[in-house]
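Note sheet for the following structure.
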Amino acid sequence: MQCNGILGISLQIDHRTTLMWVVSVAVEIISMKIKPAESYTQNTLNQSKSTSLQDFLSRLIWLCVTPLLLLGAYLAFMHVRSIQAERDQTARNIASVVVAALDQELNTRIDGLQMLAISQWIEVPAHWLDLYHEAQRFQQSFGSHVILANAELQMLLNTRIPFGSPLPKLPHPKKQSAAQTALATGKPAVGDIVFGPVAHEPLVAIALPIKRGGEAAYLLMTTIETQQLQNRLERVPLPKGWGISIVDGNKDVIARVAPLSLKSSGDVDDEGRFVINSLVSSWSVMLEIPTTAYRLPVYSAAALWAIALLGAALISILGGKLASRRLGQAVASIIPRKVANGSTPNVLEITAARNLLEEYMVGREVAEAAMRERDFKLTAIVDNSPSALSIKYTDGRYALANPNFQRIHHLGEAEIIGKTDFDLYPDEFARQFRLNDERLLQTMERQSVEETMLVGGELRNFMSHMFPILDASGAASFICRISLDITEAKRNASELERHRLELEAQIEKRTAELAEANTALSHHLAEVEDLYNQAPCGYHSINRDGLFLRINDTELDWLGLSRDEVVGKMNFSQILSPKSKQDFIVNFERFKETGAVRDLEFELLRKDGSVMSVLVSAKMIRDNDGNFISTRSIVFDNTDRKALEIALSRSEARLKGFSITPRP
């Protein structure tokens, strides 16, 4: 999309072109030849043309600020583009969410019609009153009335009026009709807005064809008042000034939410109109943003960026001017009169100051102060170190021993300096220390070794970190050793290891016990599963929709089906005879209210087509909130009992046929 107004020209420039332009300007600025200070000789001081420090700094500020201004302009351009993209994406998201909710609502009603269409009462006019009651339950659930019509579009029943009342034919609108489309395609169809002959108000219809012999014999329809869609659309949160509409395939408005002053034709441009089509119907959702509301954020952001860039540039330039003036005055104040009155260099103040500083500047005092401060810090670190720190010459003589080293050995500094390890320790320890020193001097690499020392008549363990101190030529001048007493740490580690081994033994024991318990539990579960599957009666569980969740082998053998064919795929009503199927529908609704049934007689249809009489008892399994989860059902073979009842019935009938005459 393009923007008009202040940013109308800049926003049409591709951001790649802008970036290349910024880079080229920056390269051109960097490539400007500024003569280095070192190139100025005494001859330059005699040149007649010169530039003051203030002018030089002013030019430098412009050179530094210009790339930043260009970068800021580019960032402003990209920020405005991101605002446009974010707003457009927000509009598309809102329209897409409304379309998704609309499609879901239409699909829900189509699914409900398909559930109602499986009723066998549709083909039996004598049972249309029962169908009318089911349709009323549909209307209570979905909030939309139900119509049954034949292929000639004659209404047979309508839940808007009492059953048996005279009904007109379905209307024949010039635009897309749900009924005619469903008859023509043989699939569910959603129609455009139409004025209902019975409802006497605008509405839309959903039609489902009911086929008999490959042809559509009936139409099952539900109607939705446009006011219902209007109420749902009014609950959609919209930014101020925006409008949203649901339009049918003929572009007629079904429902609309927008400010009273918003007119689609004059107040909204194509760039501010977002249309998302429905996947279920010919409808679409159109979201409209007025031109003023669409462009206002862009103009506001552009204005803020322009003010920010101009303000930053003005502050930078004014500040630089003031700083350069004061800096020039400060530098000029150190120039002697004989230089100031003489010939001027290109940058007079800087060149003169540099020559004077090179002639008079002496940094020895500063360097000595820095060295004294460094030595003070190093001395404080060595004296306060908790480790035993020592420095030895390469021949083994001690050159330094910190207070902690002296404390550990109960010796003064004078008793250590100049001595070797053989003067301080028994020979066996001294030889080990010297061997470690020689190894360090050979490798010239930092090492960490564990050493044992005799301290106060007790053997103590130390972790010593050793490294060579090199002179200017790279040769080793000293050996530094930093030793930490790890005696207690090693004892703690040994104790910790002992506890770890004990814990591992306990874990292994507990693991073995758990393994035995798991084995016993597995055997028990296998026995329970075998009892469930091999029971002399049938067991199964179904969910609130009647779908099989579980079934035992006994019931599967009766049906002649496999578990893969039943669990998660078949409904309990699918294995019932037509008579039992209707009994199941009625009793299952009652079961959801009571939570239990007992000895309900059903006829099961085996895979081979034979019928088996059974008795079913069931209890409902609920969650913590009392909601339906599944059933726990038991099925008994009622074939023998049923045969006995039939035989007994026949015997009673024969007995009633005989008449007994008393003897005279």
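Residues are named by chain letter and number: chains run A, B, ... in the order of the structure tokens, numbers start at 1 in each chain, and ligands are numbered from 1 in the order shown.
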
- With a distance cut-off of 6 Å and only C-alpha atoms, select the neighbouring residues of segment 237-245 of chain A, excluding the residue or stretch itself and same-chain residues fewer than 4 positions from it, and output the selection as a list in words.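 Here the answer would be Ala255, Arg256, Val257, Ala258, Val285, Met286, Leu287, Glu288 and Ile289 of chain A.
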
- Find the spatial neighbours of Ser390 of chain A, counting only C-alpha atoms, within a cut-off of 9 Å - ignore same-chain residues fewer than 4 positions away - and output them as a list of chain:residue names.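 In the requested form, the answer reads A:Tyr398, A:Ala399, A:Leu400, A:Ala401, A:Asn402, A:Phe405, A:Ile479, A:Cys480, A:Arg481, A:Ile482, A:Ser483.
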
Write out, as a tab-separated table, each residue of segment 360-437 of chain A that has an atom at most 8 Å from segment 454-468 of chain A, together with the closest pair of atoms and their distance in Å to one decimal, counting only C-alpha atoms, rows going by chain and rising number.
```
residue	atom	partner	partner_atom	distance
A:Ile408	CA	A:Val455	CA	6.8
A:His409	CA	A:Val455	CA	6.3
A:Tyr425	CA	A:Leu454	CA	7.4
```

- Task: Identify which of the residues A:Ser522, A:Ser165, A:Asn150, A:Gln230 lies closest to Gln180 of chain A, counting only C-alpha atoms when measuring atom-to-atom distances.
- Result: A:Asn150

- Message: List the spatial neighbours of segment 628-630 of chain A as number ranges by chain - criterion: any atom at most 6 Å away, only C-alpha atoms, same-chain residues fewer than 6 positions off excluded.
- Response: A: 542-543, 621-622

- Extract the full set of strand (DSSP E) residues from segment 447-539 of chain A according to DSSP on the backbone, and format it as a ChimeraX atom specification. /A:447-455,458-470,476-485,538-539

- Check the DSSP output for the backbone and give back, as a count of residues only, the residues of segment 39-255 of chain A in alpha helix (DSSP H). 97

- Separation of atom CA of Asn231 of chain A from atom CA of Pro197 of chain A in Å: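 Distance reported for this atom pair: 22.6 Å.
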
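Near segment 208-216 of chain A, within a cut-off of 7 Å and counting only C-alpha atoms, sit the residues Leu113, Ala117, Ala151, Ala182, Leu183, Gly186, Lys187, Pro188, Ala189, Ile206, Tyr218, Leu219, Leu220 and Met221 of chain A, with same-chain residues fewer than 2 positions away left out.
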
- Query: So how far away is atom CA of Glu652 of chain A from atom CA of Ser610 of chain A, in Å?
  - Reply: 27.5 Å

- Task: Would you list the contacts of Glu201 of chain A as a ChimeraX atom specification, taking every protein, DNA or RNA residue within 12 Å and counting only C-alpha atoms, but skipping same-chain residues closer than 6 positions in sequence?
- Result: /A:193-195,223-228

Take the residues that were just selected and, keeping C-alpha atoms, output them as a tab-separated table (two decimals), in the first residue's frame.
```
chain	number	residue	atom	x	y	z
A	193	ILE	CA	-29.77	-13.53	3.30
A	194	VAL	CA	-33.52	-13.93	2.59
A	195	PHE	CA	-36.80	-12.70	4.13
A	223	THR	CA	-32.42	-20.88	9.97
A	224	ILE	CA	-30.37	-18.21	11.73
A	225	GLU	CA	-31.81	-14.78	12.32
A	226	THR	CA	-29.48	-12.02	11.19
A	227	GLN	CA	-29.97	-10.43	14.60
A	228	GLN	CA	-28.15	-13.39	16.19
```
